[in-house]
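A.B. asks: One file: coords_3.txt (compact mmCIF, C-alpha atoms).
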# COMPACT_ATOMS: atom_id res chain seq x y z
CA MET A 819 43.02 9.88 23.31
CA THR A 820 41.65 12.61 25.53
CA GLY A 821 38.03 12.48 26.61
CA LYS A 822 37.35 15.74 24.81
CA LEU A 823 38.78 14.46 21.53
CA ARG A 824 36.91 11.17 21.91
CA ASN A 825 33.66 13.04 22.43
CA ARG A 826 34.32 15.14 19.33
CA LEU A 827 35.02 12.03 17.27
CA THR A 828 31.89 10.37 18.63
CA THR A 829 29.79 13.39 17.77
CA ALA A 830 31.26 13.45 14.27
CA THR A 831 30.51 9.75 13.84
CA VAL A 832 26.89 10.18 14.88
CA ALA A 833 26.51 13.19 12.58
CA ALA A 834 27.95 11.16 9.68
CA VAL A 835 25.58 8.29 10.39
CA LEU A 836 22.60 10.62 10.40
CA LEU A 837 23.65 12.45 7.26
CA PHE A 838 24.93 9.50 5.23
CA PRO A 839 23.02 6.49 6.47
CA SER A 840 23.59 4.46 3.30
CA VAL A 841 27.36 4.70 3.82
CA ALA A 842 27.15 3.87 7.48
CA PHE A 843 24.81 0.92 7.00
CA PRO A 844 25.58 -0.70 3.65
CA GLN A 845 23.04 -3.27 2.51
CA THR A 846 22.18 -5.27 -0.54
CA PRO A 847 19.62 -3.63 -2.84
CA PRO A 848 16.03 -4.80 -2.36
CA ALA A 849 14.83 -7.54 -4.69
CA ALA A 850 12.55 -6.52 -7.53
CA LEU A 851 9.07 -6.24 -6.11
CA ASN A 852 7.05 -6.79 -9.24
CA ALA A 853 8.86 -9.34 -11.38
CA GLU A 854 7.71 -9.20 -15.02
CA VAL A 855 8.47 -11.08 -18.19
CA PRO A 856 11.46 -9.30 -19.78
CA ASP A 857 10.65 -6.62 -22.29
CA SER A 858 12.75 -8.52 -24.84
CA GLN A 859 9.93 -11.10 -25.03
CA LYS A 860 7.18 -8.68 -25.99
CA ASP A 861 7.37 -9.64 -29.68
CA GLN A 862 6.83 -13.32 -29.03
CA PRO A 863 3.67 -14.81 -30.59
CA PHE A 864 0.49 -14.66 -28.52
CA ASP A 865 -3.22 -15.38 -28.85
CA PRO A 866 -5.01 -12.01 -28.98
CA HIS A 867 -8.07 -13.71 -27.46
CA SER A 868 -6.19 -14.90 -24.41
CA LEU A 869 -5.89 -12.71 -21.35
CA ALA A 870 -4.84 -15.65 -19.18
CA GLY A 871 -1.97 -15.05 -16.83
CA ILE A 872 -0.87 -13.03 -13.85
CA TRP A 873 -0.62 -9.31 -14.55
CA TRP A 874 1.05 -6.41 -12.76
CA GLY A 875 -0.49 -2.96 -13.00
CA HIS A 876 1.60 0.00 -14.02
CA PRO A 877 0.71 3.34 -12.49
CA VAL A 878 -0.68 6.05 -14.70
CA ARG A 879 1.23 9.15 -13.69
CA GLY A 880 -0.89 11.78 -12.02
CA THR A 881 -4.08 9.75 -11.64
CA ARG A 882 -3.54 9.18 -7.91
CA ASN A 883 -4.86 5.63 -8.14
CA SER A 884 -8.14 6.58 -9.78
CA LEU A 885 -9.76 6.32 -13.20
CA SER A 886 -8.13 9.57 -14.21
CA ALA A 887 -6.74 12.68 -12.57
CA THR A 888 -9.89 14.72 -13.09
CA PRO A 889 -13.33 13.24 -12.56
CA PRO A 890 -16.39 14.75 -14.23
CA SER A 891 -18.44 17.22 -12.20
CA MET A 892 -20.24 15.58 -9.33
CA THR A 893 -23.95 15.92 -8.68
CA ALA A 894 -25.07 17.41 -5.35
CA TRP A 895 -25.76 13.84 -4.16
CA ALA A 896 -22.22 12.74 -4.95
CA GLN A 897 -20.63 15.92 -3.61
CA GLN A 898 -22.28 15.32 -0.25
CA ARG A 899 -20.84 11.80 -0.12
CA TYR A 900 -17.45 12.96 -1.28
CA ASP A 901 -17.38 15.61 1.46
CA ALA A 902 -18.26 12.97 4.05
CA ALA A 903 -15.45 10.70 2.87
CA LYS A 904 -12.30 11.16 4.94
CA PRO A 905 -9.43 9.45 3.11
CA GLY A 906 -6.20 8.38 4.73
CA LEU A 907 -4.36 8.76 1.41
CA GLY A 908 -3.62 11.50 -1.09
CA PRO A 909 -4.03 15.24 -0.83
CA ARG A 910 -7.20 14.95 1.30
CA GLY A 911 -5.54 12.34 3.54
CA ARG A 912 -5.83 12.91 7.28
CA PRO A 913 -5.30 10.68 10.29
CA LEU A 914 -8.26 8.66 11.53
CA GLY A 915 -10.28 8.73 8.33
CA ASN A 916 -13.23 6.57 7.30
CA ASP A 917 -11.85 4.79 4.23
CA PRO A 918 -13.75 1.47 4.04
CA MET A 919 -10.35 -0.19 3.60
CA MET A 920 -9.56 0.69 7.22
CA ILE A 921 -12.18 -1.72 8.50
CA CYS A 922 -11.45 -4.39 5.89
CA ASP A 923 -14.63 -3.68 3.92
CA PRO A 924 -14.31 -5.05 0.39
CA MET A 925 -12.54 -2.68 -1.97
CA GLY A 926 -15.11 -3.04 -4.74
CA PHE A 927 -14.44 -2.58 -8.42
CA PRO A 928 -12.66 -0.81 -10.06
CA ARG A 929 -10.75 0.42 -6.99
CA ILE A 930 -9.17 -2.97 -6.38
CA LEU A 931 -7.30 -2.59 -9.68
CA PHE A 932 -5.56 0.58 -8.58
CA TRP A 933 -2.89 -0.76 -6.25
CA ASN A 934 0.15 -1.58 -8.25
CA ASN A 935 2.02 -3.65 -5.72
CA TYR A 936 -0.55 -6.42 -6.10
CA PRO A 937 -1.16 -8.39 -9.28
CA TYR A 938 -4.35 -10.00 -10.55
CA GLU A 939 -4.70 -13.33 -12.29
CA MET A 940 -7.03 -13.75 -15.25
CA ILE A 941 -8.38 -17.30 -15.44
CA GLN A 942 -10.11 -17.97 -18.74
CA LEU A 943 -12.79 -20.69 -18.65
CA PRO A 944 -15.18 -21.73 -21.43
CA ASP A 945 -18.15 -19.86 -19.95
CA ARG A 946 -16.53 -17.11 -17.84
CA MET A 947 -13.43 -15.24 -16.90
CA ILE A 948 -12.31 -15.20 -13.30
CA MET A 949 -10.38 -12.14 -12.25
CA PHE A 950 -8.54 -13.08 -9.08
CA PHE A 951 -6.99 -10.28 -7.06
CA ASP A 952 -3.93 -10.69 -4.89
CA TRP A 953 -5.03 -7.65 -2.88
CA PHE A 954 -7.80 -8.77 -0.51
CA TYR A 955 -7.43 -12.28 -2.01
CA THR A 956 -10.76 -12.05 -3.75
CA TYR A 957 -12.25 -12.45 -7.20
CA ARG A 958 -14.96 -11.38 -9.61
CA THR A 959 -16.72 -13.38 -12.30
CA ILE A 960 -17.19 -12.12 -15.85
CA TRP A 961 -19.74 -14.31 -17.61
CA THR A 962 -18.93 -15.07 -21.26
CA ASP A 963 -21.75 -17.57 -21.99
CA GLY A 964 -23.91 -15.03 -23.78
CA ARG A 965 -26.15 -14.09 -20.88
CA GLN A 966 -27.38 -10.55 -20.49
CA LEU A 967 -26.89 -8.27 -17.52
CA PRO A 968 -29.71 -8.64 -15.00
CA ALA A 969 -32.26 -5.84 -15.20
CA ASP A 970 -32.45 -5.05 -11.50
CA PRO A 971 -29.75 -6.94 -9.64
CA ASP A 972 -29.16 -6.93 -5.92
CA PRO A 973 -25.95 -5.01 -5.28
CA ARG A 974 -22.57 -6.73 -5.08
CA TRP A 975 -19.23 -5.24 -4.05
CA TYR A 976 -17.74 -6.30 -7.39
CA GLY A 977 -20.89 -5.90 -9.48
CA TYR A 978 -22.41 -8.32 -11.98
CA SER A 979 -20.40 -8.65 -15.18
CA VAL A 980 -20.76 -10.08 -18.66
CA GLY A 981 -18.09 -10.04 -21.35
CA LYS A 982 -17.61 -10.75 -25.04
CA TRP A 983 -14.98 -10.31 -27.72
CA ASP A 984 -15.44 -7.42 -30.11
CA GLY A 985 -12.67 -8.17 -32.61
CA ASP A 986 -9.55 -8.30 -30.47
CA VAL A 987 -11.08 -6.27 -27.66
CA PHE A 988 -12.65 -8.04 -24.68
CA VAL A 989 -15.57 -5.84 -23.66
CA VAL A 990 -16.98 -6.19 -20.16
CA GLU A 991 -20.26 -4.61 -19.10
CA SER A 992 -21.17 -4.45 -15.43
CA ASN A 993 -23.96 -3.22 -13.21
CA GLY A 994 -25.33 -3.95 -9.75
CA PHE A 995 -22.53 -2.32 -7.77
CA ASP A 996 -22.89 -1.84 -4.02
CA ASP A 997 -22.74 1.90 -3.39
CA ARG A 998 -20.79 1.54 -0.15
CA SER A 999 -17.49 1.12 -1.97
CA TRP A 1000 -15.31 4.07 -2.95
CA LEU A 1001 -14.09 4.34 -6.53
CA ASP A 1002 -10.63 5.39 -5.41
CA ALA A 1003 -8.50 6.25 -2.42
CA ASP A 1004 -9.64 9.86 -2.61
CA GLY A 1005 -13.21 8.83 -1.74
CA HIS A 1006 -15.05 9.42 -5.01
CA PRO A 1007 -18.49 7.86 -4.62
CA HIS A 1008 -20.80 5.99 -6.93
CA SER A 1009 -24.43 4.97 -6.75
CA ASP A 1010 -25.96 1.53 -7.16
CA GLU A 1011 -27.04 2.70 -10.62
CA MET A 1012 -23.42 2.84 -11.79
CA ARG A 1013 -22.56 0.98 -14.96
CA LEU A 1014 -19.06 0.25 -16.09
CA GLU A 1015 -17.62 -0.68 -19.47
CA GLU A 1016 -14.13 -2.13 -19.58
CA ARG A 1017 -12.23 -2.71 -22.81
CA TYR A 1018 -9.22 -5.05 -22.57
CA ARG A 1019 -6.81 -5.54 -25.44
CA ARG A 1020 -3.78 -7.77 -25.59
CA ALA A 1021 -1.40 -5.24 -27.07
CA ASP A 1022 1.53 -7.67 -27.28
CA HIS A 1023 2.80 -10.83 -25.62
CA ASN A 1024 3.69 -8.94 -22.45
CA THR A 1025 0.95 -6.30 -22.28
CA ILE A 1026 -2.75 -5.79 -21.66
CA GLU A 1027 -4.25 -2.36 -22.17
CA LEU A 1028 -7.48 -1.37 -20.44
CA SER A 1029 -9.78 1.60 -20.89
CA MET A 1030 -12.90 2.12 -18.79
CA THR A 1031 -16.01 4.25 -19.02
CA LEU A 1032 -18.07 4.73 -15.89
CA THR A 1033 -21.61 5.97 -16.31
CA ASP A 1034 -23.53 7.01 -13.22
CA PRO A 1035 -25.93 9.93 -13.74
CA GLN A 1036 -26.87 9.94 -10.06
CA ALA A 1037 -23.26 10.77 -9.19
CA TYR A 1038 -21.58 12.36 -12.23
CA THR A 1039 -22.89 14.81 -14.79
CA LYS A 1040 -21.26 12.91 -17.66
CA PRO A 1041 -19.47 9.59 -18.19
CA TRP A 1042 -16.07 9.26 -16.53
CA VAL A 1043 -13.59 8.01 -19.16
CA SER A 1044 -10.44 6.52 -17.70
CA GLU A 1045 -6.86 6.87 -18.70
CA LYS A 1046 -5.46 3.87 -20.56
CA PHE A 1047 -4.14 1.43 -17.98
CA THR A 1048 -1.32 -0.97 -18.76
CA PHE A 1049 -0.75 -4.38 -17.21
CA LYS A 1050 2.42 -6.38 -17.73
CA LEU A 1051 2.69 -10.17 -17.75
CA ALA A 1052 4.23 -11.46 -14.55
CA ASP A 1053 7.33 -13.56 -14.50
CA LYS A 1054 6.57 -17.29 -14.34
CA LYS A 1055 7.96 -17.44 -10.83
CA THR A 1056 5.30 -15.03 -9.58
CA GLU A 1057 2.97 -16.58 -7.04
CA MET A 1058 -0.34 -15.16 -5.91
CA ARG A 1059 0.01 -14.45 -2.23
CA GLU A 1060 -2.60 -14.17 0.50
CA ASP A 1061 -3.17 -10.53 1.27
CA VAL A 1062 -6.31 -11.01 3.31
CA CYS A 1063 -7.51 -8.05 5.35
CA VAL A 1064 -8.51 -9.67 8.64
CA PRO A 1065 -11.02 -7.65 10.70
CA SER A 1066 -9.78 -8.88 14.09
CA VAL A 1067 -6.19 -8.05 13.17
CA GLU A 1068 -7.22 -4.70 11.77
CA ALA A 1069 -9.02 -3.93 15.06
CA LYS A 1070 -5.87 -4.66 17.04
CA TYR A 1071 -3.76 -2.56 14.67
CA LYS A 1072 -6.23 0.31 15.04
CA GLU A 1073 -6.04 0.14 18.83
CA THR A 1074 -2.27 -0.34 19.02
CA ILE A 1075 -1.06 1.89 16.22
CA ARG A 1076 -3.50 3.95 14.21
CA GLU A 1077 -5.46 5.63 16.98
CA PRO A 1078 -2.51 6.48 19.27
CA ALA A 1079 -0.39 7.67 16.33
CA GLY A 1080 -3.23 9.80 15.02
CA GLY A 1081 -4.12 11.26 18.41
CA ALA A 1082 -7.46 9.55 18.99
CA THR A 1083 -6.15 7.97 22.17
CA VAL A 1084 -3.44 9.34 24.41
CA ILE A 1085 -0.49 7.28 25.55
CA LYS A 1086 1.80 8.87 28.09
CA LYS A 1087 5.47 8.56 27.30
CA MET B 264 32.05 1.79 15.89
CA LYS B 265 29.47 -0.57 17.29
CA GLN B 266 30.19 0.62 20.82
CA THR B 267 29.88 4.21 19.66
CA LEU B 268 26.55 3.50 18.06
CA LEU B 269 25.26 1.73 21.11
CA LYS B 270 26.41 4.58 23.31
CA TRP B 271 24.55 7.04 21.16
CA SER B 272 21.56 4.87 20.45
CA THR B 273 19.36 6.76 22.84
CA VAL B 274 20.19 10.04 21.18
CA VAL B 275 17.26 11.47 19.35
CA GLY B 276 18.39 12.27 15.84
CA LEU B 277 16.60 14.88 13.83
CA LEU B 278 17.26 14.45 10.16
CA ALA B 279 15.68 16.70 7.59
CA LEU B 280 14.43 14.72 4.61
CA THR B 281 14.12 16.29 1.23
CA SER B 282 12.91 13.36 -0.84
CA GLN B 283 9.83 13.97 -2.97
CA ALA B 284 8.85 10.40 -2.20
CA PHE B 285 7.46 11.51 1.12
CA ALA B 286 4.91 13.95 -0.25
CA HIS B 287 1.74 11.98 0.44
CA HIS B 288 2.10 8.79 2.35
CA GLY B 289 -0.84 6.52 2.87
CA SER B 290 -0.94 5.14 6.34
CA ARG B 291 1.95 7.45 7.10
CA VAL B 292 -0.32 10.47 7.26
CA SER B 293 -0.16 10.44 11.07
CA TYR B 294 3.61 10.77 11.07
CA ASP B 295 5.97 13.71 10.82
CA LEU B 296 8.01 12.97 7.73
CA THR B 297 10.36 15.89 8.25
CA LYS B 298 12.26 14.27 11.09
CA THR B 299 13.32 10.92 12.44
CA VAL B 300 13.83 9.58 15.94
CA THR B 301 16.30 6.81 16.69
CA LEU B 302 15.70 4.55 19.66
CA LYS B 303 17.32 1.47 21.10
CA GLY B 304 15.03 -1.05 22.68
CA ILE B 305 14.01 -4.62 23.31
CA VAL B 306 11.36 -6.22 21.10
CA LYS B 307 8.18 -7.02 22.98
CA GLU B 308 6.03 -8.15 20.06
CA PHE B 309 6.67 -8.63 16.35
CA VAL B 310 3.32 -8.58 14.57
CA TYR B 311 3.90 -9.89 11.06
CA VAL B 312 0.37 -9.65 9.67
CA ASN B 313 -1.85 -7.51 7.50
CA PRO B 314 -2.65 -4.72 7.19
CA HIS B 315 0.69 -3.46 8.50
CA VAL B 316 3.59 -5.18 10.10
CA TYR B 317 4.51 -3.58 13.38
CA ILE B 318 6.98 -3.97 16.19
CA THR B 319 6.38 -3.03 19.80
CA PHE B 320 9.54 -2.49 21.78
CA GLU B 321 10.53 -1.21 25.20
CA VAL B 322 12.88 1.74 25.48
CA LYS B 323 14.56 2.61 28.77
CA ASN B 324 15.61 6.20 29.39
CA ASP B 325 18.52 7.44 31.51
CA GLN B 326 16.37 7.36 34.64
CA GLY B 327 15.42 3.76 34.00
CA LEU B 328 11.86 4.61 33.01
CA VAL B 329 10.55 2.23 30.35
CA THR B 330 8.31 3.40 27.51
CA GLU B 331 6.63 1.04 25.12
CA TRP B 332 7.04 2.24 21.55
CA ALA B 333 5.54 0.82 18.39
CA ALA B 334 6.82 1.15 14.83
CA GLU B 335 4.62 0.19 11.92
CA THR B 336 5.62 -0.56 8.38
CA ASP B 337 4.28 -2.03 5.15
CA PRO B 338 2.38 -5.31 4.70
CA PRO B 339 4.20 -8.64 5.00
CA ILE B 340 4.22 -9.29 1.26
CA MET B 341 6.09 -6.05 0.62
CA MET B 342 8.55 -6.54 3.47
CA ALA B 343 9.18 -10.07 2.23
CA ALA B 344 9.72 -8.97 -1.37
CA ARG B 345 11.91 -5.99 -0.58
CA TYR B 346 13.91 -7.15 2.39
CA GLY B 347 13.42 -10.87 2.77
CA TRP B 348 11.50 -10.48 5.99
CA SER B 349 9.48 -13.36 7.37
CA ARG B 350 7.59 -14.03 10.56
CA LYS B 351 10.94 -15.08 12.04
CA TYR B 352 12.79 -11.85 11.24
CA LEU B 353 12.40 -10.66 14.84
CA LYS B 354 11.34 -12.25 18.08
CA PRO B 355 10.52 -10.98 21.56
CA GLY B 356 13.67 -10.14 23.48
CA ASP B 357 15.70 -9.08 20.42
CA GLU B 358 17.77 -5.94 20.86
CA VAL B 359 17.00 -3.44 18.10
CA THR B 360 17.90 0.07 17.04
CA VAL B 361 14.85 1.58 15.43
CA THR B 362 14.61 4.80 13.46
CA VAL B 363 11.09 6.08 12.87
CA TRP B 364 9.23 9.05 11.57
CA PRO B 365 7.41 9.92 14.79
CA SER B 366 3.73 10.50 15.41
CA LYS B 367 2.75 14.12 14.83
CA VAL B 368 0.90 14.20 18.14
CA GLY B 369 3.89 13.03 20.16
CA ALA B 370 2.67 9.52 20.91
CA PRO B 371 5.38 6.84 21.20
CA ARG B 372 4.50 5.57 17.76
CA GLY B 373 6.25 5.88 14.45
CA PHE B 374 6.60 4.63 10.89
CA LEU B 375 9.70 2.53 10.37
CA ALA B 376 12.53 4.21 8.50
CA LYS B 377 15.36 1.92 9.53
CA LEU B 378 15.87 -1.14 11.67
CA ILE B 379 19.18 -2.53 12.88
CA THR B 380 19.31 -5.78 14.78
CA SER B 381 21.99 -6.58 17.34
CA ASP B 382 23.41 -9.22 14.99
CA GLY B 383 23.95 -6.58 12.30
CA ARG B 384 21.00 -7.00 9.94
CA VAL B 385 19.86 -3.69 8.48
CA THR B 386 16.54 -2.76 6.90
CA ASP B 387 16.72 0.68 5.38
CA HIS B 388 13.15 1.62 4.52
CA SER B 389 13.79 5.33 4.28
CA GLU B 390 13.81 5.72 0.51
CA GLN B 391 10.86 3.58 -0.47
CA PRO B 392 8.30 4.97 -2.89
CA GLN B 393 5.03 6.30 -1.63
CA GLN B 394 2.26 3.83 -0.90
How does this structure look as structure tokens?
C.D. replies:
Amino acid sequence: MTGKLRNRLTTATVAAVLLFPSVAFPQTPPAALNAEVPDSQKDQPFDPHSLAGIWWGHPVRGTRNSLSATPPSMTAWAQQRYDAAKPGLGPRGRPLGNDPMMICDPMGFPRILFWNNYPYEMIQLPDRMIMFFDWFYTYRTIWTDGRQLPADPDPRWYGYSVGKWDGDVFVVESNGFDDRSWLDADGHPHSDEMRLEERYRRADHNTIELSMTLTDPQAYTKPWVSEKFTFKLADKKTEMREDVCVPSVEAKYKETIREPAGGATVIKK
Amino acid sequence: MKQTLLKWSTVVGLLALTSQAFAHHGSRVSYDLTKTVTLKGIVKEFVYVNPHVYITFEVKNDQGLVTEWAAETDPPIMMAARYGWSRKYLKPGDEVTVTVWPSKVGAPRGFLAKLITSDGRVTDHSEQPQQ
């Protein structure tokens, strides 16, 4: 083979690899990320007053990981906070933002629900529900012993929550939210006066439906009613993992990757 | 074939991507998703931790000058679920061919699109849904 011909063949091979990488590098398909109980089991009997289990969120198209696609009008107070928020995700996403997630601050509620690659586990105890989140490996308590919400609670990242059954709907009322958390990846704010109502319903053996209403007159001119979220029962083999955001690791990642890639620090090639 | 690939592994490949999946990437916002760069290098560090797995690797150019690159990717739990990665998937000294979407500002940083190890393992991360 002449050198010229060999070079042409080599060039053609590289072009083919670049244009048809899946042919050039065959591989087995990735395993299912979010393993769920098969749909064929949805008609199995279930206790409508049991939310126990591990549940995978299903994205609501167009909501961009928020309560809904379109929030109510913001107050001037909220608009100022929203303008100061510099997300790393979504249409306002830019490098080197100030999303609290980027320094491992707690996600807060309800934002921690909006990441569909991580499940939550509902643990139902006689006097409370524990909602344990794979993402950030953290939990919230929903008291079911009949207590009332505190009148003037100190703020918590995940709020203070009480719940009760209203027919087949588990209704959770919460207040006392720390106003440093964002409601979503886009940076929508809330105040420490925010109140949240969540309504969970076991729609069938495999499914929980959730609707939320967020009321925060300091931030929004009217209540923010969510889309209906759906959670699917995880396959029995599903294990909760340990997705801890570690500040020291995050700091090293920021120095090694995020800041050079985003242009905050210059590395000479 | 392998020899050909190795010979061309330092070639920078520009590949236009048309997938809608790359419209708004999370941590990928610093990267140019319209092109890829393919590099051959030696793994210096394999950081298999949250929030993002990343690989630092040394790339030698034709003049023998070594540049330290880094390629980041998704969290360990996702890499484990999708590709069977573990903390032992790579180790310092491994020879790798890495395709990344490069930093928009020209830094030797990128988001992992594809990884090929010298023993033939392939991770094609180029068609994953948006995070």
A.B. asks: Given all atoms listed in the file, how would the per-residue table for chain B near chain A read, listing every residue at most 6 Å away with its closest atom pair and distance in Å to one decimal, sorted by chain and number, as JSON lines?
C.D. replies:
{"residue": "B:His287", "atom": "CA", "partner": "A:Gly908", "partner_atom": "CA", "distance": 5.6}
{"residue": "B:Gly289", "atom": "CA", "partner": "A:Leu907", "partner_atom": "CA", "distance": 4.4}
{"residue": "B:Val292", "atom": "CA", "partner": "A:Pro913", "partner_atom": "CA", "distance": 5.8}
{"residue": "B:Ser293", "atom": "CA", "partner": "A:Gly1080", "partner_atom": "CA", "distance": 5.0}
{"residue": "B:Thr330", "atom": "CA", "partner": "A:Lys1087", "partner_atom": "CA", "distance": 5.9}
{"residue": "B:Ala344", "atom": "CA", "partner": "A:Leu851", "partner_atom": "CA", "distance": 5.5}
{"residue": "B:Arg345", "atom": "CA", "partner": "A:Pro848", "partner_atom": "CA", "distance": 4.6}
{"residue": "B:Tyr346", "atom": "CA", "partner": "A:Pro848", "partner_atom": "CA", "distance": 5.7}
{"residue": "B:Ser366", "atom": "CA", "partner": "A:Ala1079", "partner_atom": "CA", "distance": 5.1}
{"residue": "B:Val368", "atom": "CA", "partner": "A:Gly1081", "partner_atom": "CA", "distance": 5.8}
{"residue": "B:Ala370", "atom": "CA", "partner": "A:Ala1079", "partner_atom": "CA", "distance": 5.8}
{"residue": "B:Arg372", "atom": "CA", "partner": "A:Ala1079", "partner_atom": "CA", "distance": 5.5}
A.B. asks: Measuring between only C-alpha atoms, which one of A:Tyr955, A:Phe864, A:Tyr900, A:Trp874 shows the shortest distance to Phe932 of chain A?
C.D. replies: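 So, comparing all the options, the nearest one is A:Trp874.
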A.B. asks: Which residues, written as a VMD selection string, have at least one atom at most 7 Å from Leu1028 of chain A, with all atoms listed in the file counted and residues fewer than 5 positions away on the same chain left out?
C.D. replies: chain A and resid 1016 to 1019 1046 to 1048
A.B. asks: Considering only C-alpha atoms, return as a list of chain:residue names whatever protein or nucleic-acid residues lie within 10 Å of Thr888 of chain A, sequence-local ones (same chain, fewer than 5 positions apart) excluded.
C.D. replies: A:Gly880, A:Thr881, A:Arg882, A:Trp1042, A:Val1043, A:Ser1044
A.B. asks: Applying 6 Å and only C-alpha atoms, which residues near segment 942-953 of chain A remain after dropping the ones on its own chain fewer than 6 positions away? List them as a list of chain:residue names.
C.D. replies: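 Listing them by chain and then by number gives A:Ala870, A:Tyr936, A:Thr959, A:Ile960, A:Trp961, A:Thr962, A:Asp963, A:Met1058, A:Asp1061.
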A.B. asks: Which is closer to Pro314 of chain B than all the others in B:Pro338, B:Gly356, B:Gly347, B:Gly327, using only C-alpha atoms?
C.D. replies: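 Using only C-alpha atoms, the shortest distance to Pro314 of chain B belongs to B:Pro338.
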A.B. asks: So how far away is atom CA of Trp983 of chain A from atom CA of Ala969 of chain A, in Å?
C.D. replies: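 Going from atom CA of Ala969 of chain A over to atom CA of Trp983 of chain A, I get 21.8 Å.
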A.B. asks: Using all atoms listed in the file, give me every residue within 10 Å of (8.0, -11.8, 4.7) in file coordinates, as a ChimeraX atom specification.
C.D. replies: /B:311-312,316,338-352
A.B. asks: How many Å lie between atom CA of Ser891 of chain A and atom CA of Tyr1038 of chain A, rounded to one decimal?
C.D. replies: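 Spanning atom CA of Ser891 of chain A to atom CA of Tyr1038 of chain A is a straight-line distance of 5.8 Å.
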A.B. asks: Can you work out the spacing between atom CA of Leu1032 of chain A and atom CA of Leu1014 of chain A in Å, to one decimal?
C.D. replies: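 Computing it gives 4.6 Å between the two atoms.
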A.B. asks: So, counting only C-alpha atoms, which residue among B:Ile318, B:Lys307, B:Thr299, B:Tyr294 is closest to Thr362 of chain B?
C.D. replies: B:Thr299
A.B. asks: List every protein, DNA or RNA residue that has an atom no more than 6 Å from (-25.2, 14.1, -11.0) in the file's coordinate frame, counting all atoms listed in the file, and report them as a short mmCIF file (atom, residue, chain, number, x, y, z; two decimals) with C-alpha atoms, in the frame of the given file.
C.D. replies:
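New file out.cif:
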data_model
loop_
_atom_site.label_atom_id
_atom_site.label_comp_id
_atom_site.auth_asym_id
_atom_site.auth_seq_id
_atom_site.Cartn_x
_atom_site.Cartn_y
_atom_site.Cartn_z
CA MET A 892 -20.24 15.58 -9.33
CA THR A 893 -23.95 15.92 -8.68
CA PRO A 1035 -25.93 9.93 -13.74
CA GLN A 1036 -26.87 9.94 -10.06
CA ALA A 1037 -23.26 10.77 -9.19
CA TYR A 1038 -21.58 12.36 -12.23
CA THR A 1039 -22.89 14.81 -14.79
#
A.B. asks: Of the candidates A:Pro1041, A:Tyr957, A:Val989, A:Ala902, which shows the shortest atom-to-atom distance to Pro937 of chain A, using only C-alpha atoms?
C.D. replies: A:Tyr957
A.B. asks: Could you pull the residues within 7 Å of Arg974 of chain A, counting all atoms listed in the file, minus those fewer than 2 positions along the same chain, as a list of chain:residue names?
C.D. replies: A:Asp972, A:Tyr976, A:Gly977, A:Gly994, A:Phe995, A:Asp996
A.B. asks: With only C-alpha atoms as the counted atoms, please give the residues lying no more than 7 Å from Glu1045 of chain A, apart from itself and same-chain residues fewer than 4 positions off, as a PyMOL selection string.
C.D. replies: chain A and resi 885-886+1029
